[in-house]
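> Got structure-v8.cif for you, mmCIF, C-alpha atoms, pLDDT in the B column; chains and numbers go by the auth columns:
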```cif
data_upload
loop_
_atom_site.group_PDB
_atom_site.id
_atom_site.type_symbol
_atom_site.label_atom_id
_atom_site.label_comp_id
_atom_site.label_asym_id
_atom_site.label_seq_id
_atom_site.Cartn_x
_atom_site.Cartn_y
_atom_site.Cartn_z
_atom_site.B_iso_or_equiv
_atom_site.auth_seq_id
_atom_site.auth_asym_id
ATOM 1 C CA MET A 1 -26.705 19.043 -3.871 61.00 1 U
ATOM 2 C CA ASP A 2 -29.253 19.460 -1.075 89.00 2 U
ATOM 3 C CA ARG A 3 -27.471 21.520 1.561 95.00 3 U
ATOM 4 C CA LEU A 4 -30.600 22.723 3.363 96.00 4 U
ATOM 5 C CA GLY A 5 -32.803 19.669 2.933 91.00 5 U
ATOM 6 C CA GLY A 6 -35.532 19.543 5.571 91.00 6 U
ATOM 7 C CA LYS A 7 -34.847 23.026 6.919 98.00 7 U
ATOM 8 C CA VAL A 8 -37.336 25.881 7.072 98.00 8 U
ATOM 9 C CA ALA A 9 -36.040 29.418 6.526 98.00 9 U
ATOM 10 C CA ILE A 10 -37.692 32.790 7.086 98.00 10 U
ATOM 11 C CA ILE A 11 -36.234 35.530 4.901 98.00 11 U
ATOM 12 C CA THR A 12 -37.205 39.153 5.493 98.00 12 U
ATOM 13 C CA GLY A 13 -37.153 41.553 2.564 97.00 13 U
ATOM 14 C CA GLY A 14 -37.272 38.520 0.333 96.00 14 U
ATOM 15 C CA VAL A 15 -38.891 39.888 -2.820 96.00 15 U
ATOM 16 C CA SER A 16 -35.930 41.522 -4.557 95.00 16 U
ATOM 17 C CA GLY A 17 -32.169 41.874 -4.597 97.00 17 U
ATOM 18 C CA ILE A 18 -30.276 39.919 -1.960 98.00 18 U
ATOM 19 C CA GLY A 19 -33.462 38.606 -0.330 97.00 19 U
ATOM 20 C CA ARG A 20 -34.862 37.197 -3.548 98.00 20 U
ATOM 21 C CA ALA A 21 -31.566 35.610 -4.579 98.00 21 U
ATOM 22 C CA THR A 22 -31.309 34.032 -1.133 98.00 22 U
ATOM 23 C CA ALA A 23 -34.863 32.711 -1.206 98.00 23 U
ATOM 24 C CA GLU A 24 -34.380 31.170 -4.648 98.00 24 U
ATOM 25 C CA LEU A 25 -31.027 29.608 -3.747 98.00 25 U
ATOM 26 C CA PHE A 26 -32.287 28.229 -0.428 98.00 26 U
ATOM 27 C CA ALA A 27 -35.311 26.677 -2.125 98.00 27 U
ATOM 28 C CA ALA A 28 -33.065 25.122 -4.774 97.00 28 U
ATOM 29 C CA GLU A 29 -30.968 23.645 -1.955 98.00 29 U
ATOM 30 C CA GLY A 30 -33.972 21.954 -0.346 97.00 30 U
ATOM 31 C CA SER A 31 -35.198 24.547 2.141 98.00 31 U
ATOM 32 C CA ARG A 32 -38.844 25.374 2.595 98.00 32 U
ATOM 33 C CA VAL A 33 -38.824 29.152 2.397 98.00 33 U
ATOM 34 C CA VAL A 34 -41.099 31.697 4.076 98.00 34 U
ATOM 35 C CA ILE A 35 -40.677 35.079 2.386 98.00 35 U
ATOM 36 C CA PHE A 36 -41.651 38.090 4.476 98.00 36 U
ATOM 37 C CA ASP A 37 -42.063 41.477 2.827 98.00 37 U
ATOM 38 C CA ARG A 38 -44.423 44.442 2.549 96.00 38 U
ATOM 39 C CA ASN A 39 -44.775 44.061 -1.239 95.00 39 U
ATOM 40 C CA ALA A 40 -47.532 41.507 -1.765 94.00 40 U
ATOM 41 C CA GLY A 41 -47.489 41.426 -5.562 92.00 41 U
ATOM 42 C CA SER A 42 -43.765 40.845 -5.849 94.00 42 U
ATOM 43 C CA GLY A 43 -43.867 38.355 -2.997 95.00 43 U
ATOM 44 C CA GLU A 44 -46.443 36.170 -4.688 95.00 44 U
ATOM 45 C CA ALA A 45 -44.472 36.380 -7.948 96.00 45 U
ATOM 46 C CA VAL A 46 -41.270 35.186 -6.265 97.00 46 U
ATOM 47 C CA VAL A 47 -43.129 32.342 -4.576 97.00 47 U
ATOM 48 C CA ALA A 48 -44.689 31.316 -7.891 97.00 48 U
ATOM 49 C CA GLY A 49 -41.267 31.256 -9.529 97.00 49 U
ATOM 50 C CA ILE A 50 -39.810 29.100 -6.775 98.00 50 U
ATOM 51 C CA ARG A 51 -42.687 26.661 -7.060 98.00 51 U
ATOM 52 C CA ARG A 52 -42.320 26.447 -10.844 97.00 52 U
ATOM 53 C CA ALA A 53 -38.688 25.526 -10.292 97.00 53 U
ATOM 54 C CA GLY A 54 -39.754 22.685 -7.999 97.00 54 U
ATOM 55 C CA GLY A 55 -39.156 24.420 -4.666 97.00 55 U
ATOM 56 C CA GLU A 56 -41.459 25.014 -1.731 97.00 56 U
ATOM 57 C CA ALA A 57 -42.227 28.541 -0.562 98.00 57 U
ATOM 58 C CA GLY A 58 -44.868 30.755 0.975 97.00 58 U
ATOM 59 C CA PHE A 59 -45.332 34.474 1.419 98.00 59 U
ATOM 60 C CA VAL A 60 -46.270 36.516 4.474 98.00 60 U
ATOM 61 C CA LEU A 61 -47.209 40.167 4.079 98.00 61 U
ATOM 62 C CA GLY A 62 -45.978 42.454 6.806 98.00 62 U
ATOM 63 C CA ASP A 63 -43.692 45.182 8.083 98.00 63 U
ATOM 64 C CA VAL A 64 -40.494 44.316 9.976 98.00 64 U
ATOM 65 C CA THR A 65 -40.937 47.373 12.181 98.00 65 U
ATOM 66 C CA ARG A 66 -44.047 45.845 13.785 98.00 66 U
ATOM 67 C CA ALA A 67 -43.474 43.172 16.409 98.00 67 U
ATOM 68 C CA ALA A 68 -46.931 41.684 15.817 98.00 68 U
ATOM 69 C CA ASP A 69 -46.079 41.078 12.156 98.00 69 U
ATOM 70 C CA ALA A 70 -42.887 39.249 13.089 98.00 70 U
ATOM 71 C CA ASP A 71 -44.788 37.117 15.595 98.00 71 U
ATOM 72 C CA ARG A 72 -47.421 36.344 12.958 98.00 72 U
ATOM 73 C CA ALA A 73 -44.810 35.339 10.364 98.00 73 U
ATOM 74 C CA VAL A 74 -43.184 32.880 12.752 98.00 74 U
ATOM 75 C CA ALA A 75 -46.577 31.525 13.812 98.00 75 U
ATOM 76 C CA ILE A 76 -47.534 30.927 10.164 98.00 76 U
ATOM 77 C CA ALA A 77 -44.238 29.174 9.479 98.00 77 U
ATOM 78 C CA LEU A 78 -44.735 26.917 12.483 98.00 78 U
ATOM 79 C CA GLU A 79 -48.352 26.219 11.531 97.00 79 U
ATOM 80 C CA ASN A 80 -47.418 25.287 7.965 97.00 80 U
ATOM 81 C CA TYR A 81 -44.100 23.521 8.526 97.00 81 U
ATOM 82 C CA HIS A 82 -44.006 22.766 12.295 97.00 82 U
ATOM 83 C CA GLN A 83 -40.479 24.145 12.633 98.00 83 U
ATOM 84 C CA VAL A 84 -38.178 27.059 11.834 98.00 84 U
ATOM 85 C CA ASP A 85 -34.459 26.402 11.405 98.00 85 U
ATOM 86 C CA VAL A 86 -33.048 29.531 9.801 98.00 86 U
ATOM 87 C CA LEU A 87 -33.746 33.253 10.067 98.00 87 U
ATOM 88 C CA ILE A 88 -32.288 35.624 7.482 98.00 88 U
ATOM 89 C CA ASN A 89 -32.666 39.256 8.584 98.00 89 U
ATOM 90 C CA ASN A 90 -32.276 40.951 5.232 98.00 90 U
ATOM 91 C CA ALA A 91 -34.869 43.750 5.063 97.00 91 U
ATOM 92 C CA GLY A 92 -33.128 47.118 4.849 94.00 92 U
ATOM 93 C CA LEU A 93 -33.574 50.811 4.226 92.00 93 U
ATOM 94 C CA SER A 94 -31.138 53.660 3.615 92.00 94 U
ATOM 95 C CA ILE A 95 -32.486 57.204 3.610 88.00 95 U
ATOM 96 C CA GLY A 96 -30.418 60.348 4.028 88.00 96 U
ATOM 97 C CA HIS A 97 -26.708 60.987 4.078 88.00 97 U
ATOM 98 C CA SER A 98 -25.112 63.437 6.521 92.00 98 U
ATOM 99 C CA ALA A 99 -26.205 63.583 10.154 88.00 99 U
ATOM 100 C CA LEU A 100 -26.665 67.343 9.759 88.00 100 U
ATOM 101 C CA GLU A 101 -29.137 66.778 6.933 90.00 101 U
ATOM 102 C CA ILE A 102 -31.096 63.849 8.391 93.00 102 U
ATOM 103 C CA ASP A 103 -34.106 64.830 10.463 92.00 103 U
ATOM 104 C CA GLU A 104 -35.152 62.845 13.524 95.00 104 U
ATOM 105 C CA ALA A 105 -37.965 60.985 11.760 95.00 105 U
ATOM 106 C CA THR A 106 -35.636 59.843 8.977 95.00 106 U
ATOM 107 C CA TRP A 107 -33.001 58.736 11.484 94.00 107 U
ATOM 108 C CA ASP A 108 -35.609 56.729 13.377 95.00 108 U
ATOM 109 C CA GLN A 109 -36.923 55.179 10.163 96.00 109 U
ATOM 110 C CA ASN A 110 -33.471 53.835 9.255 96.00 110 U
ATOM 111 C CA PHE A 111 -33.053 52.312 12.691 96.00 111 U
ATOM 112 C CA ALA A 112 -36.585 50.917 12.743 97.00 112 U
ATOM 113 C CA VAL A 113 -36.005 48.819 9.629 98.00 113 U
ATOM 114 C CA VAL A 114 -32.284 48.021 9.856 98.00 114 U
ATOM 115 C CA LEU A 115 -31.963 47.304 13.584 98.00 115 U
ATOM 116 C CA LYS A 116 -35.368 47.097 15.222 98.00 116 U
ATOM 117 C CA GLY A 117 -36.686 44.773 12.509 98.00 117 U
ATOM 118 C CA PRO A 118 -34.073 42.088 13.242 98.00 118 U
ATOM 119 C CA TYR A 119 -34.755 42.543 16.961 98.00 119 U
ATOM 120 C CA HIS A 120 -38.447 41.764 16.386 98.00 120 U
ATOM 121 C CA PHE A 121 -37.695 38.630 14.368 98.00 121 U
ATOM 122 C CA VAL A 122 -35.011 37.429 16.766 98.00 122 U
ATOM 123 C CA ARG A 123 -37.443 37.710 19.672 98.00 123 U
ATOM 124 C CA ALA A 124 -40.070 35.850 17.665 98.00 124 U
ATOM 125 C CA THR A 125 -37.805 32.949 16.630 98.00 125 U
ATOM 126 C CA LEU A 126 -35.458 32.516 19.594 98.00 126 U
ATOM 127 C CA PRO A 127 -37.892 30.715 21.934 98.00 127 U
ATOM 128 C CA HIS A 128 -38.455 28.070 19.237 98.00 128 U
ATOM 129 C CA PHE A 129 -34.726 27.780 18.504 98.00 129 U
ATOM 130 C CA ARG A 130 -33.890 27.420 22.181 98.00 130 U
ATOM 131 C CA GLU A 131 -36.593 24.815 22.700 97.00 131 U
ATOM 132 C CA ARG A 132 -35.202 22.718 19.840 97.00 132 U
ATOM 133 C CA ARG A 133 -31.620 23.572 20.856 98.00 133 U
ATOM 134 C CA ARG A 134 -30.705 24.488 17.314 97.00 134 U
ATOM 135 C CA GLY A 135 -31.140 27.359 14.900 98.00 135 U
ATOM 136 C CA ALA A 136 -29.160 29.668 12.650 98.00 136 U
ATOM 137 C CA ILE A 137 -29.575 33.420 12.311 98.00 137 U
ATOM 138 C CA VAL A 138 -27.838 35.327 9.528 98.00 138 U
ATOM 139 C CA ASN A 139 -28.018 39.111 9.721 98.00 139 U
ATOM 140 C CA ILE A 140 -27.324 41.001 6.508 98.00 140 U
ATOM 141 C CA ALA A 141 -25.206 43.894 7.751 98.00 141 U
ATOM 142 C CA SER A 142 -22.976 46.035 5.515 97.00 142 U
ATOM 143 C CA VAL A 143 -19.434 47.300 5.095 96.00 143 U
ATOM 144 C CA ASN A 144 -21.076 50.604 6.058 95.00 144 U
ATOM 145 C CA GLY A 145 -21.165 49.259 9.598 95.00 145 U
ATOM 146 C CA MET A 146 -17.382 48.776 9.510 95.00 146 U
ATOM 147 C CA LEU A 147 -16.147 51.807 7.567 93.00 147 U
ATOM 148 C CA ALA A 148 -16.995 55.481 7.246 92.00 148 U
ATOM 149 C CA VAL A 149 -18.556 55.692 3.793 89.00 149 U
ATOM 150 C CA GLY A 150 -21.465 58.062 4.427 88.00 150 U
ATOM 151 C CA GLU A 151 -25.182 57.295 4.866 91.00 151 U
ATOM 152 C CA ASP A 152 -24.799 58.122 8.544 95.00 152 U
ATOM 153 C CA ALA A 153 -28.063 56.747 9.933 96.00 153 U
ATOM 154 C CA TYR A 154 -28.005 53.554 7.856 96.00 154 U
ATOM 155 C CA SER A 155 -24.330 52.983 8.656 96.00 155 U
ATOM 156 C CA ALA A 156 -24.839 53.491 12.390 97.00 156 U
ATOM 157 C CA ALA A 157 -27.768 51.061 12.340 97.00 157 U
ATOM 158 C CA LYS A 158 -25.694 48.452 10.483 98.00 158 U
ATOM 159 C CA ALA A 159 -22.905 48.871 13.042 98.00 159 U
ATOM 160 C CA GLY A 160 -25.511 48.235 15.713 98.00 160 U
ATOM 161 C CA LEU A 161 -26.633 45.113 13.868 98.00 161 U
ATOM 162 C CA ILE A 162 -23.054 43.818 13.875 98.00 162 U
ATOM 163 C CA ASN A 163 -22.798 44.295 17.635 98.00 163 U
ATOM 164 C CA PHE A 164 -26.255 42.776 18.118 98.00 164 U
ATOM 165 C CA THR A 165 -25.027 39.733 16.176 98.00 165 U
ATOM 166 C CA LYS A 166 -22.052 39.243 18.481 98.00 166 U
ATOM 167 C CA ASN A 167 -24.100 39.619 21.658 98.00 167 U
ATOM 168 C CA LEU A 168 -26.681 37.109 20.462 98.00 168 U
ATOM 169 C CA ALA A 169 -23.982 34.635 19.433 98.00 169 U
ATOM 170 C CA VAL A 170 -22.312 34.724 22.831 98.00 170 U
ATOM 171 C CA ARG A 171 -25.509 34.759 24.867 98.00 171 U
ATOM 172 C CA PHE A 172 -27.359 31.960 23.063 98.00 172 U
ATOM 173 C CA GLY A 173 -24.571 29.716 21.846 98.00 173 U
ATOM 174 C CA VAL A 174 -25.170 27.536 24.887 98.00 174 U
ATOM 175 C CA ASP A 175 -28.674 26.901 23.511 98.00 175 U
ATOM 176 C CA GLY A 176 -27.348 25.633 20.194 98.00 176 U
ATOM 177 C CA VAL A 177 -28.199 28.865 18.350 98.00 177 U
ATOM 178 C CA ARG A 178 -25.649 30.220 15.880 98.00 178 U
ATOM 179 C CA VAL A 179 -25.732 33.900 14.927 98.00 179 U
ATOM 180 C CA ASN A 180 -23.560 35.387 12.199 98.00 180 U
ATOM 181 C CA ALA A 181 -23.561 38.443 9.972 98.00 181 U
ATOM 182 C CA ILE A 182 -22.608 39.155 6.388 98.00 182 U
ATOM 183 C CA ALA A 183 -21.214 42.575 5.470 98.00 183 U
ATOM 184 C CA PRO A 184 -21.801 43.119 1.744 98.00 184 U
ATOM 185 C CA GLY A 185 -20.036 45.757 -0.271 96.00 185 U
ATOM 186 C CA THR A 186 -21.776 47.433 -3.203 93.00 186 U
ATOM 187 C CA ILE A 187 -24.333 45.002 -4.636 94.00 187 U
ATOM 188 C CA ARG A 188 -26.144 45.429 -7.940 90.00 188 U
ATOM 189 C CA THR A 189 -29.747 45.510 -6.650 86.00 189 U
ATOM 190 C CA PRO A 190 -32.936 47.389 -7.635 83.00 190 U
ATOM 191 C CA SER A 191 -32.272 49.903 -4.842 80.00 191 U
ATOM 192 C CA TRP A 192 -29.683 51.480 -7.139 74.00 192 U
ATOM 193 C CA GLN A 193 -32.184 52.226 -9.921 79.00 193 U
ATOM 194 C CA ALA A 194 -32.615 55.933 -9.184 78.00 194 U
ATOM 195 C CA GLN A 195 -28.858 56.410 -8.988 77.00 195 U
ATOM 196 C CA LEU A 196 -28.375 54.498 -12.245 76.00 196 U
ATOM 197 C CA GLU A 197 -30.814 56.805 -13.993 75.00 197 U
ATOM 198 C CA ARG A 198 -28.757 59.803 -12.878 85.00 198 U
ATOM 199 C CA THR A 199 -25.334 58.174 -13.301 81.00 199 U
ATOM 200 C CA PRO A 200 -25.487 55.185 -15.681 86.00 200 U
ATOM 201 C CA ASP A 201 -21.803 54.321 -15.159 85.00 201 U
ATOM 202 C CA VAL A 202 -21.955 54.340 -11.351 85.00 202 U
ATOM 203 C CA PHE A 203 -21.059 50.643 -11.014 89.00 203 U
ATOM 204 C CA ASP A 204 -18.089 51.013 -13.341 88.00 204 U
ATOM 205 C CA ARG A 205 -16.892 53.987 -11.311 87.00 205 U
ATOM 206 C CA LEU A 206 -17.301 52.111 -8.025 88.00 206 U
ATOM 207 C CA ALA A 207 -15.616 48.969 -9.341 90.00 207 U
ATOM 208 C CA ARG A 208 -12.180 50.591 -9.296 91.00 208 U
ATOM 209 C CA TRP A 209 -12.277 50.656 -5.484 91.00 209 U
ATOM 210 C CA TYR A 210 -12.770 46.891 -5.305 94.00 210 U
ATOM 211 C CA PRO A 211 -9.661 44.673 -5.543 94.00 211 U
ATOM 212 C CA LEU A 212 -11.652 42.083 -7.511 96.00 212 U
ATOM 213 C CA GLY A 213 -12.551 44.764 -10.037 94.00 213 U
ATOM 214 C CA ARG A 214 -16.336 44.607 -9.912 95.00 214 U
ATOM 215 C CA VAL A 215 -19.310 45.313 -7.695 95.00 215 U
ATOM 216 C CA GLY A 216 -21.176 42.359 -6.215 96.00 216 U
ATOM 217 C CA GLU A 217 -24.253 40.511 -7.392 97.00 217 U
ATOM 218 C CA PRO A 218 -27.105 39.386 -5.089 97.00 218 U
ATOM 219 C CA GLU A 219 -26.049 35.778 -5.672 98.00 219 U
ATOM 220 C CA ASP A 220 -22.645 36.519 -4.096 98.00 220 U
ATOM 221 C CA ILE A 221 -24.380 37.272 -0.808 98.00 221 U
ATOM 222 C CA ALA A 222 -26.903 34.449 -1.163 98.00 222 U
ATOM 223 C CA ARG A 223 -24.112 31.886 -1.455 98.00 223 U
ATOM 224 C CA ALA A 224 -22.462 33.191 1.718 98.00 224 U
ATOM 225 C CA ALA A 225 -25.797 33.080 3.536 98.00 225 U
ATOM 226 C CA LEU A 226 -26.300 29.500 2.358 98.00 226 U
ATOM 227 C CA PHE A 227 -22.992 28.460 3.884 98.00 227 U
ATOM 228 C CA LEU A 228 -23.634 30.179 7.215 98.00 228 U
ATOM 229 C CA ALA A 229 -27.161 28.754 7.415 98.00 229 U
ATOM 230 C CA SER A 230 -26.064 25.225 6.583 98.00 230 U
ATOM 231 C CA ASP A 231 -24.596 22.533 8.818 97.00 231 U
ATOM 232 C CA GLU A 232 -21.267 23.137 7.073 97.00 232 U
ATOM 233 C CA ALA A 233 -20.929 26.152 9.390 98.00 233 U
ATOM 234 C CA ALA A 234 -21.859 24.164 12.508 98.00 234 U
ATOM 235 C CA TRP A 235 -18.905 25.539 14.520 98.00 235 U
ATOM 236 C CA ILE A 236 -19.114 29.141 13.315 98.00 236 U
ATOM 237 C CA THR A 237 -20.890 31.799 15.350 98.00 237 U
ATOM 238 C CA GLY A 238 -20.372 35.466 16.131 98.00 238 U
ATOM 239 C CA VAL A 239 -18.620 36.037 12.817 98.00 239 U
ATOM 240 C CA VAL A 240 -18.974 39.105 10.612 98.00 240 U
ATOM 241 C CA LEU A 241 -18.105 37.919 7.116 98.00 241 U
ATOM 242 C CA PRO A 242 -17.266 40.680 4.627 98.00 242 U
ATOM 243 C CA VAL A 243 -18.462 39.678 1.168 98.00 243 U
ATOM 244 C CA ASP A 244 -17.123 42.768 -0.495 97.00 244 U
ATOM 245 C CA GLY A 245 -14.715 41.963 -3.306 97.00 245 U
ATOM 246 C CA GLY A 246 -11.807 42.811 -1.007 96.00 246 U
ATOM 247 C CA LEU A 247 -12.930 46.366 -0.180 95.00 247 U
ATOM 248 C CA THR A 248 -12.334 46.146 3.566 95.00 248 U
ATOM 249 C CA ALA A 249 -8.935 44.515 3.043 94.00 249 U
ATOM 250 C CA GLY A 250 -7.777 47.884 1.723 90.00 250 U
ATOM 251 C CA GLN A 251 -6.847 49.425 -1.583 79.00 251 U
ATOM 252 C CA PHE A 252 -3.779 51.138 -2.963 76.00 252 U
ATOM 253 C CA GLY A 253 -5.370 54.436 -3.992 70.00 253 U
ATOM 254 C CA MET A 254 -3.643 56.420 -1.245 62.00 254 U
ATOM 255 C CA ALA A 255 -0.308 54.680 -1.769 66.00 255 U
ATOM 256 C CA GLU A 256 -0.423 55.325 -5.497 68.00 256 U
ATOM 257 C CA ASP A 257 -1.261 58.974 -4.941 64.00 257 U
ATOM 258 C CA LEU A 258 1.652 59.299 -2.514 61.00 258 U
ATOM 259 C CA GLN A 259 4.036 57.577 -4.910 66.00 259 U
ATOM 260 C CA ASN A 260 2.911 59.816 -7.743 69.00 260 U
ATOM 261 C CA GLY A 261 3.322 62.924 -5.611 58.00 261 U
ATOM 262 C CA ARG A 262 -0.347 63.828 -5.718 55.00 262 U
#
```
Could I get this structure in the form of structure tokens?

Amino acid sequence: MDRLGGKVAIITGGVSGIGRATAELFAAEGSRVVIFDRNAGSGEAVVAGIRRAGGEAGFVLGDVTRAADADRAVAIALENYHQVDVLINNAGLSIGHSALEIDEATWDQNFAVVLKGPYHFVRATLPHFRERRRGAIVNIASVNGMLAVGEDAYSAAKAGLINFTKNLAVRFGVDGVRVNAIAPGTIRTPSWQAQLERTPDVFDRLARWYPLGRVGEPEDIARAALFLASDEAAWITGVVLPVDGGLTAGQFGMAEDLQNGR
């Protein structure tokens, strides 16, 4: 199946985890992929793997917190492929936990990557989307932006990204631009490595909170992004899609504790 045939997609934070899985899936579905990341070695390795599999991809080195880098990435995509059809704002960062423990610089760093980065790439791609009267933006948010689960700065930034998604969808729908967000639950990505070294069973412990009984894999999010980026979602915009194993639907932990008199 060739669900993205002829489309060009820019994917930020595309060298590992959700970004890498999305880049590889999009390329397999016919998209020409532009991977943007600050890790040059891993970026070139991902591109090489996509090309070996018969896909088409390129890598742009840069930092999502710099507007000039976003502008350059879009310019390179347009120079190489003459169009951009899809933007996946995936690059993320989570540092610190409680607001009382997070210093101002750390707070700003979370917001710079999680919220300001998508702003830079939206501003860089929107003029092209509006000119062509078509385009799809998928923002990778988080259940943290919907629930209180700690990581205060990261969670607040993800909540901002959800609201940013809705405003963009309403404002630019008239121009043929669709903007949606995905809210992943816990995903088994390299960002968990330090935690795994301290607590090897962390995913097993977390799984009990998920109705489907497991944490997510990067491919779970990539498949949702593929749908929202494709023409199959042509009449969907402004949506925040939880891909979370049922976490935000609720769980019976409290009810069971009440029933058991705990």
> My list of candidates is U:Glu44, U:Asp201, U:Asp37, U:Asp103. Which is closest to Ala73 (chain U) when distances are computed with all atoms listed in the file?
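Looking only at the distances to Ala73 (chain U), the closest residue turns out to be U:Asp37.
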> Translate the PyMOL selection byres ((chain U and resi 229-236) around 10), as applied to the file shown, into an explicit residue set as number ranges by chain.
U: 3-5, 7, 9, 26, 29, 85-88, 135-138, 169, 176-180, 223-228, 237-239
> Applied to this file, what does the PyMOL selection byres ((chain U and resi 74-83) around 8) return in terms of residues, put as an mmCIF file with C-alpha atoms, in the coordinates of the input?

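What landed in part.cif:
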```cif
data_model
loop_
_atom_site.group_PDB
_atom_site.id
_atom_site.type_symbol
_atom_site.label_atom_id
_atom_site.label_comp_id
_atom_site.auth_asym_id
_atom_site.auth_seq_id
_atom_site.Cartn_x
_atom_site.Cartn_y
_atom_site.Cartn_z
ATOM 1 C CA VAL U 8 -37.336 25.881 7.072
ATOM 2 C CA ILE U 10 -37.692 32.790 7.086
ATOM 3 C CA VAL U 34 -41.099 31.697 4.076
ATOM 4 C CA ALA U 70 -42.887 39.249 13.089
ATOM 5 C CA ASP U 71 -44.788 37.117 15.595
ATOM 6 C CA ARG U 72 -47.421 36.344 12.958
ATOM 7 C CA ALA U 73 -44.810 35.339 10.364
ATOM 8 C CA VAL U 84 -38.178 27.059 11.834
ATOM 9 C CA ASP U 85 -34.459 26.402 11.405
ATOM 10 C CA ALA U 124 -40.070 35.850 17.665
ATOM 11 C CA THR U 125 -37.805 32.949 16.630
ATOM 12 C CA HIS U 128 -38.455 28.070 19.237
#
```
> Which one is closest to Ala68 (chain U): U:Gly160, U:Gly19, U:Gly117, U:Val202? Count all atoms listed in the file.
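For Ala68 (chain U), the nearest of the candidates is U:Gly117.
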> Show me, as AutoDock Vina command-line options, the centre and edge lengths in Å to one decimal of the axis-aligned box that covers every listed atom of region 108-115 of chain U with 6 Å on each side.

```
--center_x -34.4 --center_y 52.0 --center_z 11.4 --size_x 17.0 --size_y 21.4 --size_z 16.3
```
> Using all atoms listed in the file, determine which residues lie at most 12 Å from Asp108 (chain U), disregarding the query and same-chain residues fewer than 4 positions distant; provide the list as a ChimeraX atom specification.
/U:65,93-96,102-104,112-116,152-154,156-157
> May I have the residues from that selection written out with C-alpha atoms, as a PDB file, keeping the file's coordinate frame?

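Okay, result-v6.pdb is ready:
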```pdb
ATOM      1  CA  THR U  65     -40.937  47.373  12.181  1.00 98.00           C
ATOM      2  CA  LEU U  93     -33.574  50.811   4.226  1.00 92.00           C
ATOM      3  CA  SER U  94     -31.138  53.660   3.615  1.00 92.00           C
ATOM      4  CA  ILE U  95     -32.486  57.204   3.610  1.00 88.00           C
ATOM      5  CA  GLY U  96     -30.418  60.348   4.028  1.00 88.00           C
ATOM      6  CA  ILE U 102     -31.096  63.849   8.391  1.00 93.00           C
ATOM      7  CA  ASP U 103     -34.106  64.830  10.463  1.00 92.00           C
ATOM      8  CA  GLU U 104     -35.152  62.845  13.524  1.00 95.00           C
ATOM      9  CA  ALA U 112     -36.585  50.917  12.743  1.00 97.00           C
ATOM     10  CA  VAL U 113     -36.005  48.819   9.629  1.00 98.00           C
ATOM     11  CA  VAL U 114     -32.284  48.021   9.856  1.00 98.00           C
ATOM     12  CA  LEU U 115     -31.963  47.304  13.584  1.00 98.00           C
ATOM     13  CA  LYS U 116     -35.368  47.097  15.222  1.00 98.00           C
ATOM     14  CA  ASP U 152     -24.799  58.122   8.544  1.00 95.00           C
ATOM     15  CA  ALA U 153     -28.063  56.747   9.933  1.00 96.00           C
ATOM     16  CA  TYR U 154     -28.005  53.554   7.856  1.00 96.00           C
ATOM     17  CA  ALA U 156     -24.839  53.491  12.390  1.00 97.00           C
ATOM     18  CA  ALA U 157     -27.768  51.061  12.340  1.00 97.00           C
TER      19      ALA U 157
END
```
> Report as a list in words the full result of the PyMOL selection byres ((chain U and resi 190-194) around 10) when it is applied to this structure.
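Evaluating the PyMOL selection byres ((chain U and resi 190-194) around 10) on these coordinates yields Ser16, Gly17, Ile18, Leu93, Ser94, Thr186, Ile187, Arg188, Thr189, Gln195, Leu196, Glu197, Arg198, Thr199, Pro200, Val202 and Phe203 of chain U.
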> Those selected residues, please, written with C-alpha atoms and delivered as a tab-separated table (two decimals), in the frame of the given file.

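Below you can see part.tsv, which holds the result:
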```
chain	number	residue	atom	x	y	z
U	16	SER	CA	-35.93	41.52	-4.56
U	17	GLY	CA	-32.17	41.87	-4.60
U	18	ILE	CA	-30.28	39.92	-1.96
U	93	LEU	CA	-33.57	50.81	4.23
U	94	SER	CA	-31.14	53.66	3.62
U	186	THR	CA	-21.78	47.43	-3.20
U	187	ILE	CA	-24.33	45.00	-4.64
U	188	ARG	CA	-26.14	45.43	-7.94
U	189	THR	CA	-29.75	45.51	-6.65
U	195	GLN	CA	-28.86	56.41	-8.99
U	196	LEU	CA	-28.38	54.50	-12.24
U	197	GLU	CA	-30.81	56.80	-13.99
U	198	ARG	CA	-28.76	59.80	-12.88
U	199	THR	CA	-25.33	58.17	-13.30
U	200	PRO	CA	-25.49	55.18	-15.68
U	202	VAL	CA	-21.96	54.34	-11.35
U	203	PHE	CA	-21.06	50.64	-11.01
```
> Take CA of Pro127 (chain U) and CA of Leu168 (chain U) and report the distance between them in Å, one decimal.
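Separation between CA of Pro127 (chain U) and CA of Leu168 (chain U): 13.0 Å.
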> Between CA of Glu217 (chain U) and CA of Gly6 (chain U), what is the distance in Å, rounded to a tenth?
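For CA of Glu217 (chain U) relative to CA of Gly6 (chain U), the distance reads 27.1 Å.
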> Give me, please, the distance in Å between CA of Gly41 (chain U) and CA of Gln109 (chain U), quoted to one decimal.
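Spanning CA of Gly41 (chain U) to CA of Gln109 (chain U) is a straight-line distance of 23.4 Å.
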